file my_file12.cif (mmCIF, C-alpha atoms and all ligand atoms)
data_data
#
loop_
_atom_site.group_PDB
_atom_site.id
_atom_site.type_symbol
_atom_site.label_atom_id
_atom_site.label_comp_id
_atom_site.auth_asym_id
_atom_site.auth_seq_id
_atom_site.Cartn_x
_atom_site.Cartn_y
_atom_site.Cartn_z
ATOM 1 C CA MET A 966 -9.760 -3.014 -0.269
ATOM 2 C CA LEU A 967 -6.991 -4.126 2.102
ATOM 3 C CA GLU A 968 -3.771 -5.646 0.869
ATOM 4 C CA VAL A 969 -0.945 -6.891 3.077
ATOM 5 C CA LYS A 970 2.216 -7.869 1.235
ATOM 6 C CA ASN A 971 5.245 -9.679 2.627
ATOM 7 C CA LEU A 972 4.728 -8.358 6.130
ATOM 8 C CA ASP A 973 7.391 -8.935 8.783
ATOM 9 C CA VAL A 974 6.765 -7.758 12.337
ATOM 10 C CA ALA A 975 9.093 -8.076 15.312
ATOM 11 C CA TYR A 976 8.940 -7.095 18.955
ATOM 12 C CA GLY A 977 12.514 -6.012 19.520
ATOM 13 C CA ARG A 978 14.618 -8.888 18.226
ATOM 14 C CA ILE A 979 11.821 -11.429 18.326
ATOM 15 C CA GLN A 980 10.072 -11.746 15.003
ATOM 16 C CA VAL A 981 6.462 -12.898 15.273
ATOM 17 C CA ILE A 982 5.119 -12.356 11.733
ATOM 18 C CA TRP A 983 6.968 -13.762 8.751
ATOM 19 C CA ASN A 984 6.466 -12.752 5.132
ATOM 20 C CA LEU A 985 2.705 -12.616 5.527
ATOM 21 C CA SER A 986 0.460 -11.659 2.632
ATOM 22 C CA LEU A 987 -3.308 -11.447 2.586
ATOM 23 C CA ASN A 988 -6.028 -9.425 0.959
ATOM 24 C CA ILE A 989 -9.620 -8.482 1.592
ATOM 25 C CA GLY A 990 -11.812 -7.407 -1.284
ATOM 26 C CA ASN A 991 -14.755 -5.036 -1.282
ATOM 27 C CA ASN A 992 -17.789 -6.655 0.362
ATOM 28 C CA GLU A 993 -15.778 -9.566 1.702
ATOM 29 C CA VAL A 994 -15.802 -11.115 5.149
ATOM 30 C CA VAL A 995 -12.442 -12.755 5.684
ATOM 31 C CA GLY A 996 -11.360 -14.919 8.593
ATOM 32 C CA VAL A 997 -7.898 -15.149 10.106
ATOM 33 C CA PHE A 998 -7.961 -18.281 12.208
ATOM 34 C CA GLY A 999 -5.247 -19.612 14.425
ATOM 35 C CA PRO A 1000 -4.362 -20.684 17.935
ATOM 36 C CA ASN A 1001 -3.348 -18.447 20.782
ATOM 37 C CA GLY A 1002 0.047 -16.885 20.044
ATOM 38 C CA ALA A 1003 -0.175 -17.353 16.270
ATOM 39 C CA GLY A 1004 0.152 -13.619 15.687
ATOM 40 C CA LYS A 1005 -3.430 -12.596 14.890
ATOM 41 C CA SER A 1006 -3.491 -9.593 17.219
ATOM 42 C CA THR A 1007 -0.043 -8.523 16.071
ATOM 43 C CA LEU A 1008 -1.235 -8.618 12.465
ATOM 44 C CA ILE A 1009 -4.210 -6.449 13.398
ATOM 45 C CA ASN A 1010 -2.003 -4.053 15.327
ATOM 46 C CA ALA A 1011 0.289 -3.754 12.314
ATOM 47 C CA ILE A 1012 -2.661 -3.014 10.011
ATOM 48 C CA VAL A 1013 -3.848 -0.160 12.208
ATOM 49 C CA GLY A 1014 -0.372 1.182 12.956
ATOM 50 C CA VAL A 1015 -0.195 0.271 16.633
ATOM 51 C CA VAL A 1016 2.953 -1.724 15.893
ATOM 52 C CA LYS A 1017 5.243 -0.810 13.033
ATOM 53 C CA ALA A 1018 6.091 -3.327 10.350
ATOM 54 C CA LYS A 1019 9.734 -4.335 10.069
ATOM 55 C CA SER A 1020 9.228 -4.734 6.341
ATOM 56 C CA GLY A 1021 6.438 -5.261 3.873
ATOM 57 C CA GLU A 1022 3.592 -3.185 2.611
ATOM 58 C CA ILE A 1023 0.015 -2.551 3.682
ATOM 59 C CA THR A 1024 -2.372 -0.669 1.426
ATOM 60 C CA PHE A 1025 -5.979 0.328 1.999
ATOM 61 C CA ASP A 1026 -7.991 1.312 -1.073
ATOM 62 C CA GLY A 1027 -4.653 1.493 -2.876
ATOM 63 C CA VAL A 1028 -3.104 3.932 -0.386
ATOM 64 C CA PRO A 1029 -0.016 2.748 1.545
ATOM 65 C CA ILE A 1030 -0.857 2.925 5.248
ATOM 66 C CA HIS A 1031 2.089 1.128 6.872
ATOM 67 C CA ASN A 1032 3.762 4.460 7.607
ATOM 68 C CA GLN A 1033 0.630 6.265 8.703
ATOM 69 C CA GLU A 1034 -0.309 7.188 12.243
ATOM 70 C CA THR A 1035 -3.030 5.201 13.964
ATOM 71 C CA HIS A 1036 -5.522 8.084 14.021
ATOM 72 C CA THR A 1037 -4.999 8.725 10.300
ATOM 73 C CA ILE A 1038 -5.686 5.068 9.540
ATOM 74 C CA ALA A 1039 -8.808 5.228 11.710
ATOM 75 C CA ARG A 1040 -10.057 8.306 9.920
ATOM 76 C CA GLY A 1041 -9.454 6.477 6.663
ATOM 77 C CA GLY A 1042 -12.157 4.030 7.683
ATOM 78 C CA ILE A 1043 -10.591 1.050 9.474
ATOM 79 C CA VAL A 1044 -11.888 0.374 12.954
ATOM 80 C CA VAL A 1045 -10.793 -2.359 15.340
ATOM 81 C CA VAL A 1046 -12.764 -4.055 18.077
ATOM 82 C CA PRO A 1047 -9.845 -5.080 20.253
ATOM 83 C CA GLN A 1048 -9.538 -8.284 22.204
ATOM 84 C CA ASN A 1049 -9.667 -6.418 25.494
ATOM 85 C CA ARG A 1050 -12.661 -4.238 26.149
ATOM 86 C CA GLU A 1051 -11.768 -0.603 25.974
ATOM 87 C CA LEU A 1052 -14.811 1.215 27.245
ATOM 88 C CA PHE A 1053 -15.239 4.254 29.405
ATOM 89 C CA PRO A 1054 -16.750 2.445 32.385
ATOM 90 C CA ALA A 1055 -17.910 5.579 34.193
ATOM 91 C CA MET A 1056 -19.811 6.858 31.164
ATOM 92 C CA THR A 1057 -23.226 5.661 30.067
ATOM 93 C CA VAL A 1058 -23.846 3.226 27.253
ATOM 94 C CA LYS A 1059 -25.131 6.021 25.040
ATOM 95 C CA GLU A 1060 -22.195 8.299 25.826
ATOM 96 C CA ASN A 1061 -19.816 5.504 24.869
ATOM 97 C CA LEU A 1062 -21.652 5.051 21.580
ATOM 98 C CA ARG A 1063 -21.590 8.767 20.811
ATOM 99 C CA LEU A 1064 -17.848 8.829 21.411
ATOM 100 C CA GLY A 1065 -17.457 6.266 18.640
ATOM 101 C CA ALA A 1066 -18.662 8.888 16.183
ATOM 102 C CA ALA A 1067 -17.251 11.985 17.821
ATOM 103 C CA TYR A 1068 -13.924 12.277 16.029
ATOM 104 C CA ILE A 1069 -14.963 11.246 12.538
ATOM 105 C CA PRO A 1070 -16.763 14.112 10.758
ATOM 106 C CA HIS A 1071 -18.937 12.051 8.409
ATOM 107 C CA ALA A 1072 -19.888 9.738 11.288
ATOM 108 C CA ARG A 1073 -20.681 12.643 13.603
ATOM 109 C CA ALA A 1074 -23.083 14.020 11.006
ATOM 110 C CA LYS A 1075 -25.027 10.751 11.014
ATOM 111 C CA MET A 1076 -24.778 10.002 14.713
ATOM 112 C CA ASP A 1077 -28.499 9.715 15.518
ATOM 113 C CA GLU A 1078 -29.209 7.529 12.521
ATOM 114 C CA THR A 1079 -26.277 5.225 13.326
ATOM 115 C CA ILE A 1080 -27.310 4.906 16.962
ATOM 116 C CA GLU A 1081 -30.717 3.650 15.801
ATOM 117 C CA TYR A 1082 -28.933 1.097 13.595
ATOM 118 C CA VAL A 1083 -26.744 -0.059 16.481
ATOM 119 C CA TYR A 1084 -29.803 -0.308 18.745
ATOM 120 C CA SER A 1085 -31.524 -2.452 16.127
ATOM 121 C CA LEU A 1086 -28.559 -4.847 16.206
ATOM 122 C CA PHE A 1087 -28.272 -4.794 19.992
ATOM 123 C CA PRO A 1088 -31.664 -4.021 21.573
ATOM 124 C CA ILE A 1089 -30.135 -4.492 25.025
ATOM 125 C CA LEU A 1090 -28.016 -1.375 24.457
ATOM 126 C CA LYS A 1091 -31.138 0.700 23.886
ATOM 127 C CA GLU A 1092 -32.749 -0.707 27.009
ATOM 128 C CA ARG A 1093 -29.650 0.163 28.976
ATOM 129 C CA GLU A 1094 -28.603 3.358 27.240
ATOM 130 C CA LYS A 1095 -28.519 5.353 30.495
ATOM 131 C CA GLN A 1096 -26.658 2.689 32.450
ATOM 132 C CA LEU A 1097 -22.949 3.110 33.207
ATOM 133 C CA ALA A 1098 -20.942 0.954 30.836
ATOM 134 C CA GLY A 1099 -18.820 -0.479 33.641
ATOM 135 C CA THR A 1100 -21.886 -2.010 35.286
ATOM 136 C CA MET A 1101 -22.864 -4.070 32.229
ATOM 137 C CA SER A 1102 -22.076 -7.790 31.998
ATOM 138 C CA GLY A 1103 -19.030 -8.951 30.047
ATOM 139 C CA GLY A 1104 -21.125 -9.980 27.060
ATOM 140 C CA GLN A 1105 -23.023 -6.699 27.011
ATOM 141 C CA GLN A 1106 -19.772 -4.749 27.180
ATOM 142 C CA ARG A 1107 -18.463 -6.720 24.214
ATOM 143 C CA MET A 1108 -21.585 -5.742 22.284
ATOM 144 C CA LEU A 1109 -21.139 -2.134 23.311
ATOM 145 C CA VAL A 1110 -17.575 -2.100 21.972
ATOM 146 C CA ILE A 1111 -18.805 -3.453 18.640
ATOM 147 C CA GLY A 1112 -21.616 -0.906 18.618
ATOM 148 C CA ARG A 1113 -19.171 1.878 19.325
ATOM 149 C CA ALA A 1114 -16.931 0.711 16.490
ATOM 150 C CA LEU A 1115 -19.908 0.805 14.104
ATOM 151 C CA MET A 1116 -20.679 4.351 15.239
ATOM 152 C CA SER A 1117 -17.575 5.512 13.358
ATOM 153 C CA ARG A 1118 -19.183 4.334 10.094
ATOM 154 C CA PRO A 1119 -16.109 2.349 9.086
ATOM 155 C CA LYS A 1120 -15.323 1.013 5.633
ATOM 156 C CA MET A 1121 -13.813 -2.040 7.286
ATOM 157 C CA LEU A 1122 -14.462 -3.594 10.668
ATOM 158 C CA ILE A 1123 -11.720 -5.671 12.278
ATOM 159 C CA LEU A 1124 -12.807 -7.949 15.102
ATOM 160 C CA ASP A 1125 -10.172 -9.502 17.343
ATOM 161 C CA GLU A 1126 -11.664 -12.682 18.830
ATOM 162 C CA PRO A 1127 -15.157 -11.334 19.501
ATOM 163 C CA SER A 1128 -16.282 -14.643 20.993
ATOM 164 C CA LEU A 1129 -13.427 -15.040 23.459
ATOM 165 C CA GLY A 1130 -14.623 -15.502 27.018
ATOM 166 C CA LEU A 1131 -18.326 -15.403 26.189
ATOM 167 C CA GLN A 1132 -20.643 -18.095 27.478
ATOM 168 C CA PRO A 1133 -21.789 -20.531 24.755
ATOM 169 C CA SER A 1134 -25.258 -19.047 24.224
ATOM 170 C CA LEU A 1135 -23.746 -15.605 23.767
ATOM 171 C CA VAL A 1136 -21.157 -16.968 21.325
ATOM 172 C CA THR A 1137 -23.990 -18.153 19.084
ATOM 173 C CA GLU A 1138 -25.759 -14.815 19.413
ATOM 174 C CA MET A 1139 -22.535 -12.944 18.670
ATOM 175 C CA PHE A 1140 -22.027 -14.770 15.377
ATOM 176 C CA GLN A 1141 -25.682 -14.223 14.421
ATOM 177 C CA ILE A 1142 -25.176 -10.494 14.927
ATOM 178 C CA LEU A 1143 -21.968 -10.570 12.876
ATOM 179 C CA ASN A 1144 -23.957 -12.224 10.105
ATOM 180 C CA ARG A 1145 -26.431 -9.383 10.212
ATOM 181 C CA ILE A 1146 -23.658 -6.798 10.058
ATOM 182 C CA LYS A 1147 -22.271 -8.717 7.093
ATOM 183 C CA GLN A 1148 -25.656 -8.578 5.345
ATOM 184 C CA ASP A 1149 -25.527 -4.817 5.690
ATOM 185 C CA ASP A 1150 -22.462 -4.943 3.384
ATOM 186 C CA MET A 1151 -19.755 -4.383 5.962
ATOM 187 C CA VAL A 1152 -16.254 -5.518 5.033
ATOM 188 C CA ILE A 1153 -14.960 -7.552 7.964
ATOM 189 C CA LEU A 1154 -11.686 -9.085 9.031
ATOM 190 C CA LEU A 1155 -12.468 -11.618 11.724
ATOM 191 C CA ALA A 1156 -9.640 -13.009 13.851
ATOM 192 C CA GLU A 1157 -10.804 -16.077 15.728
ATOM 193 C CA GLN A 1158 -9.701 -19.227 17.487
ATOM 194 C CA ASN A 1159 -13.272 -20.470 17.241
ATOM 195 C CA VAL A 1160 -13.018 -21.802 13.695
ATOM 196 C CA ARG A 1161 -16.266 -23.730 13.858
ATOM 197 C CA GLN A 1162 -18.316 -20.587 14.514
ATOM 198 C CA GLY A 1163 -16.104 -18.375 12.378
ATOM 199 C CA LEU A 1164 -16.753 -20.521 9.318
ATOM 200 C CA LYS A 1165 -20.451 -19.626 9.622
ATOM 201 C CA VAL A 1166 -19.753 -15.950 8.954
ATOM 202 C CA ILE A 1167 -16.811 -15.691 6.589
ATOM 203 C CA ASP A 1168 -16.640 -15.819 2.799
ATOM 204 C CA ARG A 1169 -13.015 -16.930 2.787
ATOM 205 C CA GLY A 1170 -10.300 -17.529 5.323
ATOM 206 C CA TYR A 1171 -6.663 -17.806 6.220
ATOM 207 C CA VAL A 1172 -5.122 -20.008 8.853
ATOM 208 C CA MET A 1173 -2.220 -18.476 10.716
ATOM 209 C CA GLU A 1174 0.276 -20.583 12.633
ATOM 210 C CA ASN A 1175 3.540 -19.427 14.186
ATOM 211 C CA GLY A 1176 3.358 -16.060 12.469
ATOM 212 C CA ARG A 1177 2.844 -17.452 8.991
ATOM 213 C CA ILE A 1178 -0.097 -18.178 6.729
ATOM 214 C CA ALA A 1179 -0.407 -21.953 6.875
ATOM 215 C CA MET A 1180 -3.367 -22.181 4.538
ATOM 216 C CA GLU A 1181 -5.969 -20.113 2.761
ATOM 217 C CA GLY A 1182 -9.178 -21.087 1.100
ATOM 218 C CA SER A 1183 -12.926 -21.051 0.753
ATOM 219 C CA ILE A 1184 -15.212 -22.242 3.542
ATOM 220 C CA GLU A 1185 -15.412 -25.623 1.809
ATOM 221 C CA GLU A 1186 -11.639 -25.932 1.396
ATOM 222 C CA LEU A 1187 -11.007 -25.021 5.005
ATOM 223 C CA SER A 1188 -13.708 -27.192 6.496
ATOM 224 C CA GLU A 1189 -12.675 -30.209 4.455
ATOM 225 C CA ASP A 1190 -8.958 -29.900 5.142
ATOM 226 C CA GLU A 1191 -7.632 -32.775 7.244
ATOM 227 C CA HIS A 1192 -5.275 -30.648 9.361
ATOM 228 C CA ILE A 1193 -7.940 -28.060 10.083
ATOM 229 C CA ARG A 1194 -10.509 -30.677 10.925
ATOM 230 C CA ARG A 1195 -8.189 -32.299 13.415
ATOM 231 C CA ALA A 1196 -6.568 -29.190 14.889
ATOM 232 C CA TYR A 1197 -9.533 -26.802 14.993
ATOM 233 C CA LEU A 1198 -12.797 -28.630 14.453
ATOM 234 C CA GLY A 1199 -12.161 -31.694 16.585
ATOM 235 C CA VAL A 1200 -13.470 -34.132 14.004
HETATM 236 N N1 LIG B 1301 3.912 -6.594 23.149
HETATM 237 C C1 LIG B 1301 4.553 -7.740 22.922
HETATM 238 N N2 LIG B 1301 5.881 -7.868 23.168
HETATM 239 C C2 LIG B 1301 6.534 -9.019 22.911
HETATM 240 N N3 LIG B 1301 5.967 -10.125 22.405
HETATM 241 C C3 LIG B 1301 4.655 -10.064 22.140
HETATM 242 C C4 LIG B 1301 3.878 -8.882 22.383
HETATM 243 N N4 LIG B 1301 2.596 -9.136 22.005
HETATM 244 C C5 LIG B 1301 2.570 -10.408 21.556
HETATM 245 N N5 LIG B 1301 3.801 -10.962 21.632
HETATM 246 C C6 LIG B 1301 4.163 -12.324 21.208
HETATM 247 O O1 LIG B 1301 3.902 -12.407 19.812
HETATM 248 C C7 LIG B 1301 3.351 -13.661 19.475
HETATM 249 C C8 LIG B 1301 2.022 -13.463 18.784
HETATM 250 O O2 LIG B 1301 1.091 -12.937 19.719
HETATM 251 P P1 LIG B 1301 -0.344 -12.418 19.309
HETATM 252 O O3 LIG B 1301 -0.217 -11.539 18.129
HETATM 253 O O4 LIG B 1301 -0.972 -11.843 20.521
HETATM 254 O O5 LIG B 1301 -1.066 -13.764 18.870
HETATM 255 P P2 LIG B 1301 -2.629 -14.138 18.851
HETATM 256 O O6 LIG B 1301 -3.395 -12.856 18.802
HETATM 257 O O7 LIG B 1301 -2.800 -14.970 17.630
HETATM 258 O O8 LIG B 1301 -2.895 -14.898 20.095
HETATM 259 C C9 LIG B 1301 3.259 -14.463 20.758
HETATM 260 O O9 LIG B 1301 4.395 -15.276 20.841
HETATM 261 C C10 LIG B 1301 3.282 -13.382 21.832
HETATM 262 O O10 LIG B 1301 3.847 -13.880 23.013
HETATM 263 MG MG MG B 1302 -4.894 -12.190 19.952
#

call {"tool": "encode", "arguments": {"input": "my_file12.cif", "output": "structure tokens", "more": "lines below"}}
Ligand SMILES: Nc1ncnc2c1ncn2[C@@H]1O[C@H](COP(=O)(O)OP(=O)(O)O)[C@@H](O)[C@H]1O
Ligand SMILES: [Mg+2]
result
Amino acid sequence: MLEVKNLDVAYGRIQVIWNLSLNIGNNEVVGVFGPNGAGKSTLINAIVGVVKAKSGEITFDGVPIHNQETHTIARGGIVVVPQNRELFPAMTVKENLRLGAAYIPHARAKMDETIEYVYSLFPILKEREKQLAGTMSGGQQRMLVIGRALMSRPKMLILDEPSLGLQPSLVTEMFQILNRIKQDDMVILLAEQNVRQGLKVIDRGYVMENGRIAMEGSIEELSEDEHIRRAYLGV
């Protein structure tokens, strides 16, 4: 579904992604793990056209997207839940959700149905649908951003460190919800520093270090690798 080939990305003269290739198949949940500064967010921004690739190729369903505008890529079915919450704090929970579907015709047509789906994933959002988004707790706002992303009925959901900054009990809940979204056949790219939790959701993963793919493999290969065990799993 998504194929990144030989991607180089630089901010000005500073290159932060080097000859990176990865792919995500239909119905796959793929992890991109790596420490802070590895280049995970930059990779995501390159996929959705927020930063332009210096060289390389990105295709989605066979269509080159590395020269497309961000809104065109979004309409093509890729949605990102960014690392920083981007809500409309002075609008209600429900208004924020509706906005997720507003600009995508096929999503707008199914708005009511999708809201019910999102409420089934996140009952707290239904309880608080009339509350202003800015008054929700950090964890609830994170859930709202994911809910809003789902409202666009994406073909692929990209999550940039969904567990970052959440208290431990919410981290567990977050990954349980991601597992449910996965069971509903969503294709997911999950960028995470929390490898231990991430391994519970993914089908396959890459480890990114210093802007390069350091390793790729199955859950078993990653969790048994000596370097990964020491650097990310603390065992
Ligand atoms: N807008 C930017 N301008 C310049 N350098 C940046 C910018 N954003 C990120 N970087 C640098 O690029 C590298 C990768 O960052 P990032 O993609 O945010 O990594 P990660 O998401 O894995 O933490 C880091 O060295 C970071 O300092
Ligand atoms: Mg990041």

call {"tool": "resolve_selection", "arguments": {"input": "my_file12.cif", "expression": "the PyMOL selection byres (((not hetatm)) within 6 of (chain B and resi 1301))", "output": "PDB file with C-alpha atoms, in the coordinates of the input"}}
result
ATOM      1  CA  TYR A 976       8.940  -7.095  18.955  1.00  0.00           C
ATOM      2  CA  VAL A 981       6.462 -12.898  15.273  1.00  0.00           C
ATOM      3  CA  PRO A1000      -4.362 -20.684  17.935  1.00  0.00           C
ATOM      4  CA  ASN A1001      -3.348 -18.447  20.782  1.00  0.00           C
ATOM      5  CA  GLY A1002       0.047 -16.885  20.044  1.00  0.00           C
ATOM      6  CA  ALA A1003      -0.175 -17.353  16.270  1.00  0.00           C
ATOM      7  CA  GLY A1004       0.152 -13.619  15.687  1.00  0.00           C
ATOM      8  CA  LYS A1005      -3.430 -12.596  14.890  1.00  0.00           C
ATOM      9  CA  SER A1006      -3.491  -9.593  17.219  1.00  0.00           C
ATOM     10  CA  THR A1007      -0.043  -8.523  16.071  1.00  0.00           C
TER      11      THR A1007
END

call {"tool": "resolve_selection", "arguments": {"input": "my_file12.cif", "expression": "the PyMOL selection byres (((not hetatm)) within 12 of (chain B and resi 1302))", "output": "count of residues only"}}
result
30

call {"tool": "resolve_selection", "arguments": {"input": "my_file12.cif", "expression": "the PyMOL selection byres (((chain A and resi 1139) around 12) and not hetatm)", "output": "PyMOL selection string"}}
result
chain A and resi 1086-1087+1104-1105+1107-1109+1111+1124+1126-1138+1140-1146+1162-1163+1165-1166

call {"tool": "axis_aligned_box", "arguments": {"input": "my_file12.cif", "around": "range 1141-1154 of chain A", "padding_each_side": "5 Å", "output": "JSON"}}
result
{"center_x": -19.1, "center_y": -9.3, "center_z": 9.2, "size_x": 24.7, "size_y": 19.8, "size_z": 21.5}

call {"tool": "closest_residue", "arguments": {"input": "my_file12.cif", "among": "A:Leu1097, A:Met1116, A:Ile1089, A:Ala1039", "to": "Ala1074 in chain A", "atoms": "all atoms listed in the file"}}
result
A:Met1116

call {"tool": "atom_distance", "arguments": {"input": "my_file12.cif", "atom1": "CA of Pro1119 in chain A", "atom2": "CA of Leu967 in chain A"}}
result
13.2 Å

call {"tool": "residues_around", "arguments": {"input": "my_file12.cif", "residues": "Lys1059 in chain A", "least_positions_apart": "3", "cutoff": "7 Å", "atoms": "only C-alpha atoms", "output": "number ranges by chain"}}
result
A: 1062-1063, 1094-1095

call {"tool": "residues_around", "arguments": {"input": "my_file12.cif", "residues": "Ala1196 in chain A", "least_positions_apart": "2", "cutoff": "12 Å", "atoms": "all atoms listed in the file", "output": "PyMOL selection string"}}
result
chain A and resi 998-1000+1158-1161+1172+1174+1187-1188+1190-1194+1198-1200

call {"tool": "residues_around", "arguments": {"input": "my_file12.cif", "residues": "range 1028-1037 of chain A", "least_positions_apart": "6", "cutoff": "10 Å", "atoms": "all atoms listed in the file", "output": "ChimeraX atom specification"}}
result
/A:966-969,972,1010-1022,1043,1068

call {"tool": "write_last_selection", "arguments": {"input": "my_file12.cif", "atoms": "C-alpha atoms", "output": "compact mmCIF listing (two decimals), in the frame of the given file"}}
result
# COMPACT_ATOMS: atom_id res chain seq x y z
CA MET A 966 -9.76 -3.01 -0.27
CA LEU A 967 -6.99 -4.13 2.10
CA GLU A 968 -3.77 -5.65 0.87
CA VAL A 969 -0.94 -6.89 3.08
CA LEU A 972 4.73 -8.36 6.13
CA ASN A 1010 -2.00 -4.05 15.33
CA ALA A 1011 0.29 -3.75 12.31
CA ILE A 1012 -2.66 -3.01 10.01
CA VAL A 1013 -3.85 -0.16 12.21
CA GLY A 1014 -0.37 1.18 12.96
CA VAL A 1015 -0.20 0.27 16.63
CA VAL A 1016 2.95 -1.72 15.89
CA LYS A 1017 5.24 -0.81 13.03
CA ALA A 1018 6.09 -3.33 10.35
CA LYS A 1019 9.73 -4.34 10.07
CA SER A 1020 9.23 -4.73 6.34
CA GLY A 1021 6.44 -5.26 3.87
CA GLU A 1022 3.59 -3.18 2.61
CA ILE A 1043 -10.59 1.05 9.47
CA TYR A 1068 -13.92 12.28 16.03

call {"tool": "atom_distance", "arguments": {"input": "my_file12.cif", "atom1": "CA of Asp1077 in chain A", "atom2": "CA of Glu1051 in chain A"}}
result
22.3 Å

call {"tool": "residues_around", "arguments": {"input": "my_file12.cif", "residues": "Met1121 in chain A", "least_positions_apart": "5", "cutoff": "8 Å", "atoms": "only C-alpha atoms", "output": "list in words"}}
result
Gly1042, Ile1043, Val1044, Met1151, Val1152, Ile1153 and Leu1154 of chain A

call {"tool": "atom_distance", "arguments": {"input": "my_file12.cif", "atom1": "CA of Phe1025 in chain A", "atom2": "CA of Gly1041 in chain A"}}
result
8.5 Å

call {"tool": "decode", "arguments": {"input": "my_file12.cif", "residues": "range 1088-1101 of chain A", "atoms": "N, CA, C and O atoms", "output": "CSV table (one decimal), in the first residue's frame"}}
result
chain,number,residue,atom,x,y,z
A,1088,PRO,N,-15.6,5.6,24.6
A,1088,PRO,CA,-16.9,5.9,25.2
A,1088,PRO,C,-16.9,7.3,25.9
A,1088,PRO,O,-17.9,8.0,26.0
A,1089,ILE,N,-15.7,7.7,26.4
A,1089,ILE,CA,-15.5,8.9,27.1
A,1089,ILE,C,-15.9,10.1,26.2
A,1089,ILE,O,-16.4,11.2,26.6
A,1090,LEU,N,-15.6,9.9,24.9
A,1090,LEU,CA,-15.9,11.0,23.9
A,1090,LEU,C,-17.4,11.2,23.8
A,1090,LEU,O,-17.9,12.3,23.6
A,1091,LYS,N,-18.1,10.1,23.9
A,1091,LYS,CA,-19.6,10.3,23.8
A,1091,LYS,C,-20.1,11.0,25.0
A,1091,LYS,O,-20.9,11.9,24.9
A,1092,GLU,N,-19.6,10.5,26.2
A,1092,GLU,CA,-20.0,11.2,27.4
A,1092,GLU,C,-19.8,12.7,27.4
A,1092,GLU,O,-20.5,13.4,28.0
A,1093,ARG,N,-18.7,13.0,26.8
A,1093,ARG,CA,-18.3,14.4,26.8
A,1093,ARG,C,-18.5,15.1,25.5
A,1093,ARG,O,-17.8,16.1,25.2
A,1094,GLU,N,-19.4,14.7,24.7
A,1094,GLU,CA,-19.4,15.2,23.3
A,1094,GLU,C,-19.7,16.7,23.3
A,1094,GLU,O,-19.3,17.4,22.3
A,1095,LYS,N,-20.4,17.2,24.3
A,1095,LYS,CA,-20.7,18.7,24.3
A,1095,LYS,C,-19.7,19.5,25.0
A,1095,LYS,O,-19.8,20.7,25.1
A,1096,GLN,N,-18.7,18.9,25.6
A,1096,GLN,CA,-17.7,19.6,26.3
A,1096,GLN,C,-16.7,20.2,25.3
A,1096,GLN,O,-16.4,19.7,24.3
A,1097,LEU,N,-16.1,21.4,25.7
A,1097,LEU,CA,-15.1,22.0,24.9
A,1097,LEU,C,-13.8,21.2,24.9
A,1097,LEU,O,-13.4,20.8,26.0
A,1098,ALA,N,-13.3,21.0,23.7
A,1098,ALA,CA,-12.1,20.1,23.6
A,1098,ALA,C,-11.0,20.5,24.5
A,1098,ALA,O,-10.3,19.7,25.1
A,1099,GLY,N,-10.8,21.8,24.6
A,1099,GLY,CA,-9.6,22.4,25.4
A,1099,GLY,C,-9.7,22.1,26.9
A,1099,GLY,O,-8.8,22.3,27.6
A,1100,THR,N,-10.9,21.7,27.4
A,1100,THR,CA,-11.1,21.5,28.8
A,1100,THR,C,-10.9,20.0,29.1
A,1100,THR,O,-11.0,19.6,30.3
A,1101,MET,N,-10.6,19.2,28.1
A,1101,MET,CA,-10.4,17.7,28.4
A,1101,MET,C,-9.0,17.5,28.9
A,1101,MET,O,-8.1,18.3,28.6
